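Visitor: Here you go, this is protein.tsv (TSV, C-alpha atoms).
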chain	number	residue	atom	x	y	z
A	1	MET	CA	72.93	-10.74	51.85
A	2	ASN	CA	72.05	-7.11	52.41
A	3	ILE	CA	74.68	-4.65	53.59
A	4	ILE	CA	72.98	-1.35	54.29
A	5	ILE	CA	75.60	1.37	53.80
A	6	ASP	CA	74.87	4.81	55.20
A	7	GLU	CA	74.26	7.27	52.36
A	8	ASN	CA	77.02	9.56	53.65
A	9	SER	CA	79.60	6.74	53.67
A	10	ASN	CA	81.80	6.69	50.58
A	11	VAL	CA	82.57	3.01	49.96
A	12	SER	CA	83.88	2.00	46.53
A	13	SER	CA	82.18	-0.69	44.46
A	14	GLU	CA	85.36	-2.80	44.69
A	15	ILE	CA	85.31	-2.72	48.48
A	16	GLN	CA	81.57	-3.40	48.52
A	17	SER	CA	82.07	-6.59	46.51
A	18	PHE	CA	84.68	-7.79	49.03
A	19	LEU	CA	82.38	-6.89	51.93
A	20	MET	CA	79.53	-8.85	50.41
A	21	ALA	CA	81.65	-11.96	49.82
A	22	ALA	CA	83.15	-11.78	53.31
A	23	ALA	CA	79.80	-11.30	55.03
A	24	GLU	CA	78.20	-14.17	53.10
A	25	LYS	CA	81.06	-16.47	54.09
A	26	ALA	CA	80.95	-15.39	57.74
A	27	VAL	CA	77.20	-15.82	58.26
A	28	SER	CA	76.80	-19.01	56.21
A	29	ASP	CA	79.56	-20.67	58.26
A	30	GLU	CA	77.43	-19.96	61.34
A	31	GLY	CA	74.42	-21.72	59.79
A	32	LEU	CA	72.57	-18.56	58.80
A	33	ASP	CA	70.97	-18.01	55.40
A	34	PRO	CA	72.86	-15.06	53.84
A	35	SER	CA	69.81	-14.06	51.79
A	36	LEU	CA	67.99	-13.26	55.04
A	37	VAL	CA	70.77	-11.37	56.82
A	38	GLU	CA	71.13	-7.57	57.01
A	39	ILE	CA	74.14	-5.68	58.34
A	40	SER	CA	74.34	-1.91	58.69
A	41	LEU	CA	77.63	-0.16	57.85
A	42	THR	CA	78.56	3.43	58.65
A	43	VAL	CA	81.90	5.13	57.95
A	44	VAL	CA	82.73	7.94	60.37
A	45	SER	CA	85.43	10.45	61.31
A	46	GLU	CA	87.76	10.20	64.29
A	47	GLU	CA	85.66	12.74	66.15
A	48	GLU	CA	82.49	10.74	65.54
A	49	ILE	CA	83.90	7.38	66.63
A	50	HIS	CA	85.46	9.05	69.67
A	51	GLU	CA	82.01	10.31	70.67
A	52	LEU	CA	80.43	6.89	70.05
A	53	ASN	CA	83.07	5.30	72.29
A	54	ARG	CA	82.28	7.78	75.04
A	55	MET	CA	78.52	7.27	74.70
A	56	TYR	CA	78.29	3.50	74.39
A	57	ARG	CA	81.52	2.07	75.78
A	58	ASP	CA	82.51	4.65	78.40
A	59	THR	CA	85.88	4.81	76.60
A	60	ASP	CA	87.51	8.17	75.97
A	61	ARG	CA	89.53	7.38	72.85
A	62	VAL	CA	89.45	6.84	69.10
A	63	THR	CA	89.20	3.26	67.85
A	64	ASP	CA	89.30	1.79	64.35
A	65	VAL	CA	85.96	-0.01	64.46
A	66	LEU	CA	82.88	-0.50	66.63
A	67	SER	CA	80.34	-3.32	66.61
A	68	PHE	CA	76.77	-3.12	67.87
A	69	PRO	CA	75.26	-6.65	67.87
A	70	GLN	CA	71.51	-7.05	67.72
A	71	TYR	CA	71.54	-10.49	69.35
A	72	ASP	CA	73.14	-11.77	72.53
A	73	ASP	CA	72.58	-15.38	71.46
A	74	LEU	CA	72.20	-16.43	67.83
A	75	SER	CA	70.39	-19.59	68.90
A	76	ASP	CA	67.38	-17.32	69.38
A	77	VAL	CA	67.42	-16.31	65.71
A	78	ASP	CA	64.59	-17.46	63.44
A	79	ASN	CA	66.33	-18.46	60.23
A	80	ASP	CA	63.09	-18.11	58.28
A	81	GLU	CA	62.82	-14.33	58.79
A	82	VAL	CA	64.97	-11.33	57.99
A	83	ILE	CA	67.84	-11.16	60.48
A	84	ALA	CA	69.10	-7.66	61.25
A	85	LEU	CA	72.44	-8.80	62.65
A	86	GLY	CA	73.66	-5.42	63.89
A	87	ASP	CA	75.70	-2.34	63.08
A	88	VAL	CA	79.32	-1.90	62.01
A	89	VAL	CA	81.03	1.49	62.38
A	90	ILE	CA	84.46	2.03	60.77
A	91	CYS	CA	86.68	5.07	61.23
A	92	ASP	CA	87.98	5.97	57.78
A	93	ALA	CA	90.97	8.01	58.96
A	94	VAL	CA	92.21	5.24	61.25
A	95	ALA	CA	91.77	2.67	58.47
A	96	HIS	CA	93.94	4.78	56.16
A	97	ARG	CA	96.56	5.31	58.87
A	98	GLN	CA	96.74	1.65	59.84
A	99	ALA	CA	96.97	0.53	56.23
A	100	GLU	CA	100.02	2.75	55.76
A	101	GLU	CA	101.56	1.72	59.06
A	102	TYR	CA	101.19	-1.99	58.38
A	103	GLY	CA	102.22	-1.86	54.75
A	104	HIS	CA	99.09	-3.07	53.00
A	105	SER	CA	96.30	-1.44	50.99
A	106	TYR	CA	93.50	0.67	52.38
A	107	GLU	CA	91.04	-1.72	50.74
A	108	ARG	CA	92.46	-4.69	52.62
A	109	GLU	CA	92.48	-2.82	55.91
A	110	PHE	CA	88.88	-1.65	55.48
A	111	VAL	CA	87.64	-5.16	54.63
A	112	TYR	CA	89.56	-6.67	57.53
A	113	LEU	CA	87.97	-4.23	59.99
A	114	PHE	CA	84.57	-5.11	58.59
A	115	VAL	CA	85.24	-8.86	58.95
A	116	HIS	CA	86.49	-8.33	62.51
A	117	SER	CA	83.32	-6.43	63.38
A	118	VAL	CA	80.96	-8.90	61.69
A	119	LEU	CA	82.46	-11.70	63.77
A	120	HIS	CA	81.67	-9.63	66.87
A	121	LEU	CA	78.08	-9.41	65.62
A	122	LEU	CA	78.11	-13.20	65.35
A	123	GLY	CA	79.22	-13.60	68.96
A	124	TYR	CA	83.00	-13.88	68.66
A	125	ASP	CA	85.28	-12.06	71.08
A	126	HIS	CA	88.97	-11.77	71.93
A	127	MET	CA	89.08	-11.02	75.64
A	128	GLU	CA	90.56	-14.41	76.54
A	129	ALA	CA	93.52	-16.07	74.81
A	130	ASP	CA	91.53	-19.03	73.48
A	131	GLU	CA	88.76	-16.73	72.23
A	132	LYS	CA	91.35	-14.57	70.50
A	133	ARG	CA	92.95	-17.53	68.74
A	134	GLU	CA	89.56	-18.75	67.52
A	135	MET	CA	88.53	-15.31	66.27
A	136	ARG	CA	91.84	-14.69	64.51
A	137	ALA	CA	91.60	-18.06	62.78
A	138	ARG	CA	88.11	-17.20	61.53
A	139	GLU	CA	89.29	-13.79	60.29
A	140	GLU	CA	92.13	-15.38	58.38
A	141	GLU	CA	89.87	-18.04	56.90
A	142	ILE	CA	87.37	-15.46	55.65
A	143	MET	CA	90.01	-13.07	54.28
A	144	ASN	CA	91.73	-15.93	52.43
A	145	SER	CA	88.42	-17.15	51.02
A	146	ILE	CA	87.79	-13.80	49.29
A	147	GLY	CA	91.32	-13.53	47.92
A	148	LEU	CA	92.75	-11.08	50.46
A	149	THR	CA	95.43	-13.38	51.79
A	150	ARG	CA	96.88	-12.75	55.15
A	151	GLY	CA	99.44	-10.06	55.64
A	152	PHE	CA	99.70	-8.27	58.92
A	153	THR	CA	96.48	-6.99	60.44
A	154	PRO	CA	96.44	-4.34	63.14
A	155	ALA	CA	94.01	-5.95	65.52
A	156	GLU	CA	96.23	-9.00	65.75
A	157	ASP	CA	99.66	-7.68	64.95
A	158	ALA	CA	99.80	-4.32	66.69
A	159	ASP	CA	100.31	-6.25	69.92
A	160	LEU	CA	102.75	-8.60	68.20
A	161	PHE	CA	104.83	-5.75	66.77
A	162	GLN	CA	104.93	-4.11	70.20
A	163	GLU	CA	106.05	-7.40	71.73
A	164	LEU	CA	108.83	-7.75	69.15
A	165	MET	CA	109.98	-4.21	69.89
A	166	ARG	CA	109.90	-4.95	73.61
A	167	ARG	CA	112.05	-8.05	73.08
A	168	ALA	CA	114.48	-6.08	70.91
A	169	GLU	CA	114.73	-3.38	73.57
A	170	GLU	CA	115.30	-5.98	76.25
A	171	ALA	CA	118.03	-7.65	74.17
A	172	SER	CA	119.84	-4.35	73.54
A	173	ALA	CA	120.95	-4.35	77.18
A	174	ASN	CA	123.35	-7.20	76.28
A	175	SER	CA	124.90	-5.38	73.33
A	176	TYR	CA	128.70	-5.20	73.15
A	177	ALA	CA	129.46	-1.77	71.70
A	178	PRO	CA	132.64	-0.33	73.27
A	179	TYR	CA	133.67	1.51	70.09
A	180	SER	CA	130.54	3.10	68.65
A	181	GLY	CA	128.55	3.38	71.87
A	182	LEU	CA	125.46	2.46	69.80
A	183	HIS	CA	123.78	-0.47	71.51
A	184	VAL	CA	121.32	-2.35	69.30
A	185	GLY	CA	118.93	-5.22	69.89
A	186	ALA	CA	116.87	-7.15	67.33
A	187	ALA	CA	113.96	-9.57	67.65
A	188	LEU	CA	113.24	-11.84	64.69
A	189	LEU	CA	109.85	-13.54	64.29
A	190	ALA	CA	109.91	-16.94	62.60
A	191	GLU	CA	106.95	-18.26	60.63
A	192	ASP	CA	106.14	-20.76	63.39
A	193	GLY	CA	105.85	-17.95	65.96
A	194	SER	CA	109.27	-18.42	67.56
A	195	ILE	CA	111.18	-15.25	68.41
A	196	TYR	CA	114.97	-15.06	68.19
A	197	THR	CA	116.92	-12.13	69.59
A	198	GLY	CA	120.34	-10.76	68.73
A	199	VAL	CA	122.64	-7.87	69.64
A	200	ASN	CA	125.46	-6.05	67.93
A	201	ILE	CA	128.89	-7.43	68.84
A	202	GLU	CA	131.65	-4.99	67.94
A	203	ASN	CA	135.29	-5.80	67.31
A	204	ALA	CA	138.55	-3.83	67.31
A	205	SER	CA	138.77	-4.86	63.67
A	206	TYR	CA	135.60	-3.06	62.62
A	207	GLY	CA	134.89	-5.39	59.71
A	208	ALA	CA	134.49	-8.28	62.16
A	209	THR	CA	131.60	-6.53	63.90
A	210	LEU	CA	128.31	-8.44	63.88
A	211	CYS	CA	125.10	-6.41	63.72
A	212	ALA	CA	122.10	-7.26	65.89
A	213	GLU	CA	119.97	-8.23	62.91
A	214	ARG	CA	122.51	-10.73	61.59
A	215	SER	CA	123.08	-12.00	65.11
A	216	ALA	CA	119.34	-12.80	65.39
A	217	VAL	CA	119.33	-14.43	61.95
A	218	ALA	CA	122.32	-16.56	62.90
A	219	CYS	CA	120.57	-17.80	66.04
A	220	ALA	CA	117.40	-18.63	64.11
A	221	VAL	CA	119.13	-20.39	61.22
A	222	SER	CA	121.28	-22.36	63.68
A	223	ASP	CA	118.02	-23.53	65.25
A	224	GLY	CA	116.75	-24.75	61.87
A	225	CYS	CA	114.48	-21.85	60.92
A	226	ARG	CA	114.40	-20.65	57.33
A	227	LYS	CA	111.17	-18.63	57.09
A	228	PHE	CA	110.62	-15.32	58.84
A	229	LYS	CA	107.78	-12.83	59.09
A	230	ALA	CA	109.15	-9.76	60.87
A	231	ILE	CA	112.11	-8.25	62.67
A	232	ALA	CA	112.16	-5.40	65.19
A	233	VAL	CA	115.29	-3.30	65.65
A	234	TYR	CA	115.88	-1.06	68.68
A	235	SER	CA	118.60	1.14	70.13
A	236	PRO	CA	118.43	3.26	73.29
A	237	ASP	CA	121.15	5.46	71.80
A	238	GLY	CA	119.45	6.70	68.65
A	239	LYS	CA	117.52	5.61	65.59
A	240	ALA	CA	118.26	2.01	64.59
A	241	SER	CA	117.84	0.88	61.00
A	242	PRO	CA	119.34	-2.21	59.31
A	243	CYS	CA	122.59	-1.49	57.49
A	244	GLY	CA	123.09	-2.53	53.87
A	245	ILE	CA	124.67	-5.88	54.72
A	246	CYS	CA	121.84	-6.71	57.14
A	247	ARG	CA	119.26	-5.81	54.50
A	248	GLN	CA	120.97	-8.16	52.06
A	249	VAL	CA	121.09	-10.97	54.64
A	250	LEU	CA	117.39	-10.53	55.43
A	251	LEU	CA	116.55	-10.45	51.71
A	252	GLU	CA	118.02	-13.94	51.43
A	253	PHE	CA	115.00	-15.12	53.43
A	254	GLY	CA	112.32	-12.95	51.83
A	255	GLY	CA	111.64	-9.42	50.69
A	256	ASP	CA	108.24	-9.43	52.41
A	257	ILE	CA	109.75	-9.68	55.91
A	258	LYS	CA	108.40	-6.73	57.88
A	259	VAL	CA	110.99	-4.41	59.46
A	260	ILE	CA	109.78	-2.63	62.60
A	261	GLN	CA	111.52	0.48	63.90
A	262	LYS	CA	110.67	3.24	66.32
A	263	GLY	CA	108.90	6.08	64.53
A	264	ASP	CA	109.64	9.77	64.91
A	265	ASN	CA	106.37	10.27	66.81
A	266	GLY	CA	107.10	7.54	69.35
A	267	GLY	CA	105.00	4.94	67.57
A	268	LEU	CA	106.20	2.15	65.33
A	269	HIS	CA	107.33	2.51	61.73
A	270	VAL	CA	106.75	-0.66	59.70
A	271	THR	CA	108.20	-1.30	56.27
A	272	SER	CA	109.53	-4.35	54.42
A	273	VAL	CA	112.96	-5.64	53.45
A	274	ALA	CA	112.11	-5.16	49.76
A	275	GLU	CA	111.24	-1.53	50.38
A	276	LEU	CA	114.49	-0.98	52.28
A	277	LEU	CA	116.55	-2.75	49.59
A	278	PRO	CA	114.89	-2.29	46.18
A	279	GLU	CA	116.34	-4.47	43.42
A	280	GLY	CA	118.42	-6.37	45.96
A	281	PHE	CA	120.80	-9.10	44.80
A	282	VAL	CA	119.29	-12.57	44.55
A	283	LEU	CA	120.27	-15.82	42.80
Starting from the coordinates I provided, produce the structure as structure tokens.

Guide:
Amino acid sequence: MNIIIDENSNVSSEIQSFLMAAAEKAVSDEGLDPSLVEISLTVVSEEEIHELNRMYRDTDRVTDVLSFPQYDDLSDVDNDEVIALGDVVICDAVAHRQAEEYGHSYEREFVYLFVHSVLHLLGYDHMEADEKREMRAREEEIMNSIGLTRGFTPAEDADLFQELMRRAEEASANSYAPYSGLHVGAALLAEDGSIYTGVNIENASYGATLCAERSAVACAVSDGCRKFKAIAVYSPDGKASPCGICRQVLLEFGGDIKVIQKGDNGGLHVTSVAELLPEGFVL
């Protein structure tokens, strides 16, 4: 396997070893001989990838990664000769930003973007729902095989996080908040993909008030769910963040549950229960 890295691209030896293992897995699974395959990798700035998008995709925006396949159909490839599979272009600044936003390392984010792009070079796409499921499954398989087990990955989960926030916002309309005037909705993602919503239900005896997060947890647990991946919290009346009791309730089901809130810049702020409640009480 030969990954040709542009001389101006600063890629650590640790990341390079992950890239090599991932690429070998990806191409060998497609019946190609890794020893004959070449992939070009270039790391660029936001300005550079913006210009590449304008030039080659007629898209006026910054993206995290671009793929330039050499072959339209891999059945035409001669597996006895060197196969220049194509070019991968990764935007370093976006990789750093997405790693922080999604709560995992820059190394993992960079390798994931590379894997995503290599699969494009191999003919995978995600325009249709069935194509997307197949490509995501391959990404997860490859990342797991090299020891970078699945967390949340932007290409897949940016849409999912937005959907959770949309469901939380939709739920907030049913909030019962006659005392505080702070209407809150929550959307809880179970491990099996089910989404449970909840709202805050206030009471004249303030201690009897039920927060949106605990309301969603109660619905999910009543339905038999015990494992959760993420929860989005939304209020149209101001910033919504889980209170201490809600953090403790969520911790009961896992400190790695992602907590999604509206960010100050209008985007999404993603953290984890463990980060919100360090050294939380467990038995």

Visitor: Closest to His50 (chain A) among A:Ile90, A:Val221, A:Val27, A:Val37, using all atoms listed in the file?

Guide: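 Checking each of A:Ile90, A:Val221, A:Val27, A:Val37 against His50 (chain A), counting all atoms listed in the file, the winner is A:Ile90.
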
Visitor: For Gln98 (chain A), find every residue with an atom within 12 Å (counting all atoms listed in the file), except residues of its own chain fewer than 3 positions away, and show them as a PyMOL selection string.

Guide: chain A and resi 63-65+91-95+101-110+112-113+152-155+157-158+267-270

Visitor: If we count only C-alpha atoms and set the cut-off at 8 Å, which residues sit around Asp80 (chain A), ignoring sequence neighbours fewer than 2 positions away in its own chain? Please answer as a list in words.

Guide: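 My reading of the contact set: Leu36, Asp78 and Val82 of chain A.
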
Visitor: Save the residues we just selected, C-alpha atoms, as a tab-separated table (two decimals), keeping the file's coordinate frame?

Guide:
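Produced file selection_3.tsv, reproduced below:
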chain	number	residue	atom	x	y	z
A	36	LEU	CA	67.99	-13.26	55.04
A	78	ASP	CA	64.59	-17.46	63.44
A	82	VAL	CA	64.97	-11.33	57.99

Visitor: Please return, as a PDB file with C-alpha atoms, in the frame of the given file, all polymer residues that have at least one atom within 12 Å of the point (130.7, -8.1, 69.3); use all atoms listed in the file and the file's own coordinate frame.

Guide:
ATOM      1  CA  ASN A 174     123.350  -7.200  76.280  1.00  0.00           C
ATOM      2  CA  SER A 175     124.900  -5.380  73.330  1.00  0.00           C
ATOM      3  CA  TYR A 176     128.700  -5.200  73.150  1.00  0.00           C
ATOM      4  CA  ALA A 177     129.460  -1.770  71.700  1.00  0.00           C
ATOM      5  CA  PRO A 178     132.640  -0.330  73.270  1.00  0.00           C
ATOM      6  CA  TYR A 179     133.670   1.510  70.090  1.00  0.00           C
ATOM      7  CA  SER A 180     130.540   3.100  68.650  1.00  0.00           C
ATOM      8  CA  GLY A 181     128.550   3.380  71.870  1.00  0.00           C
ATOM      9  CA  LEU A 182     125.460   2.460  69.800  1.00  0.00           C
ATOM     10  CA  HIS A 183     123.780  -0.470  71.510  1.00  0.00           C
ATOM     11  CA  VAL A 184     121.320  -2.350  69.300  1.00  0.00           C
ATOM     12  CA  GLY A 198     120.340 -10.760  68.730  1.00  0.00           C
ATOM     13  CA  VAL A 199     122.640  -7.870  69.640  1.00  0.00           C
ATOM     14  CA  ASN A 200     125.460  -6.050  67.930  1.00  0.00           C
ATOM     15  CA  ILE A 201     128.890  -7.430  68.840  1.00  0.00           C
ATOM     16  CA  GLU A 202     131.650  -4.990  67.940  1.00  0.00           C
ATOM     17  CA  ASN A 203     135.290  -5.800  67.310  1.00  0.00           C
ATOM     18  CA  ALA A 204     138.550  -3.830  67.310  1.00  0.00           C
ATOM     19  CA  SER A 205     138.770  -4.860  63.670  1.00  0.00           C
ATOM     20  CA  TYR A 206     135.600  -3.060  62.620  1.00  0.00           C
ATOM     21  CA  GLY A 207     134.890  -5.390  59.710  1.00  0.00           C
ATOM     22  CA  ALA A 208     134.490  -8.280  62.160  1.00  0.00           C
ATOM     23  CA  THR A 209     131.600  -6.530  63.900  1.00  0.00           C
ATOM     24  CA  LEU A 210     128.310  -8.440  63.880  1.00  0.00           C
ATOM     25  CA  CYS A 211     125.100  -6.410  63.720  1.00  0.00           C
ATOM     26  CA  ALA A 212     122.100  -7.260  65.890  1.00  0.00           C
ATOM     27  CA  ARG A 214     122.510 -10.730  61.590  1.00  0.00           C
ATOM     28  CA  SER A 215     123.080 -12.000  65.110  1.00  0.00           C
TER      29      SER A 215
END

Visitor: Could you tell me how far CA of Ala168 (chain A) lies from CA of Ala137 (chain A), in Å and to one decimal?

Guide: 27.1 Å

Visitor: Please measure the separation of CA of Glu279 (chain A) and CA of Pro242 (chain A), giving the value in Å to one decimal.

Guide: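 Pair CA of Glu279 (chain A) / CA of Pro242 (chain A) returns 16.3 Å.
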
Visitor: For region 246-255 of chain A, please output as a PyMOL selection string all residues within 8 Å (counting all atoms listed in the file; exclusion window: fewer than 5 positions along the same chain).

Guide: chain A and resi 211+213-214+217+226-228+272-277+280-282

Visitor: In terms of the shortest atom-to-atom distance over all atoms listed in the file, which of A:Met143, A:Gly185, A:Asp237, A:Glu24 is closest to Glu38 (chain A)?

Guide: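 Closest to Glu38 (chain A) of all the choices is A:Glu24.
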
Visitor: Fewer than 6 positions away in the same chain doesn't count, so skip those; otherwise give me all residues within 12 Å of Glu141 (chain A), counting all atoms listed in the file, as a PDB file with C-alpha atoms, in the frame of the given file.

Guide:
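The result, written out as part15.pdb:
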ATOM      1  CA  ALA A  22      83.150 -11.780  53.310  1.00  0.00           C
ATOM      2  CA  LYS A  25      81.060 -16.470  54.090  1.00  0.00           C
ATOM      3  CA  ALA A  26      80.950 -15.390  57.740  1.00  0.00           C
ATOM      4  CA  ASP A  29      79.560 -20.670  58.260  1.00  0.00           C
ATOM      5  CA  TYR A 112      89.560  -6.670  57.530  1.00  0.00           C
ATOM      6  CA  VAL A 115      85.240  -8.860  58.950  1.00  0.00           C
ATOM      7  CA  HIS A 116      86.490  -8.330  62.510  1.00  0.00           C
ATOM      8  CA  LEU A 119      82.460 -11.700  63.770  1.00  0.00           C
ATOM      9  CA  GLU A 134      89.560 -18.750  67.520  1.00  0.00           C
ATOM     10  CA  MET A 135      88.530 -15.310  66.270  1.00  0.00           C
ATOM     11  CA  GLY A 147      91.320 -13.530  47.920  1.00  0.00           C
ATOM     12  CA  LEU A 148      92.750 -11.080  50.460  1.00  0.00           C
ATOM     13  CA  THR A 149      95.430 -13.380  51.790  1.00  0.00           C
ATOM     14  CA  ARG A 150      96.880 -12.750  55.150  1.00  0.00           C
TER      15      ARG A 150
END

Visitor: I'd like the contact shell of Gln261 (chain A) - 10 Å cut-off, all atoms listed in the file, skipping same-chain residues fewer than 6 positions apart - returned as a list of chain:residue names.

Guide: A:Phe161, A:Met165, A:Ala186, A:Ile231, A:Ala232, A:Val233, A:Tyr234, A:Ser235, A:Lys239, A:Ala240, A:Ser241, A:Pro242, A:Gly267, A:Leu268, A:His269, A:Val270, A:Thr271

Visitor: Take the residues just selected and output them with C-alpha atoms as a CSV table (one decimal), keeping the file's coordinate frame.

Guide:
chain,number,residue,atom,x,y,z
A,161,PHE,CA,104.8,-5.8,66.8
A,165,MET,CA,110.0,-4.2,69.9
A,186,ALA,CA,116.9,-7.2,67.3
A,231,ILE,CA,112.1,-8.2,62.7
A,232,ALA,CA,112.2,-5.4,65.2
A,233,VAL,CA,115.3,-3.3,65.6
A,234,TYR,CA,115.9,-1.1,68.7
A,235,SER,CA,118.6,1.1,70.1
A,239,LYS,CA,117.5,5.6,65.6
A,240,ALA,CA,118.3,2.0,64.6
A,241,SER,CA,117.8,0.9,61.0
A,242,PRO,CA,119.3,-2.2,59.3
A,267,GLY,CA,105.0,4.9,67.6
A,268,LEU,CA,106.2,2.2,65.3
A,269,HIS,CA,107.3,2.5,61.7
A,270,VAL,CA,106.8,-0.7,59.7
A,271,THR,CA,108.2,-1.3,56.3

Visitor: Quote the spacing between CA of Asp130 (chain A) and CA of Leu189 (chain A) in Å to one decimal place.

Guide: 21.2 Å

Visitor: Can you work out which one of A:Ser117, A:Asn2, A:Asn10, A:Thr197 has the shortest atom-to-atom distance to Ser45 (chain A), counting all atoms listed in the file?

Guide: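 Going through A:Ser117, A:Asn2, A:Asn10, A:Thr197 one by one, the smallest distance to Ser45 (chain A) is for A:Asn10.
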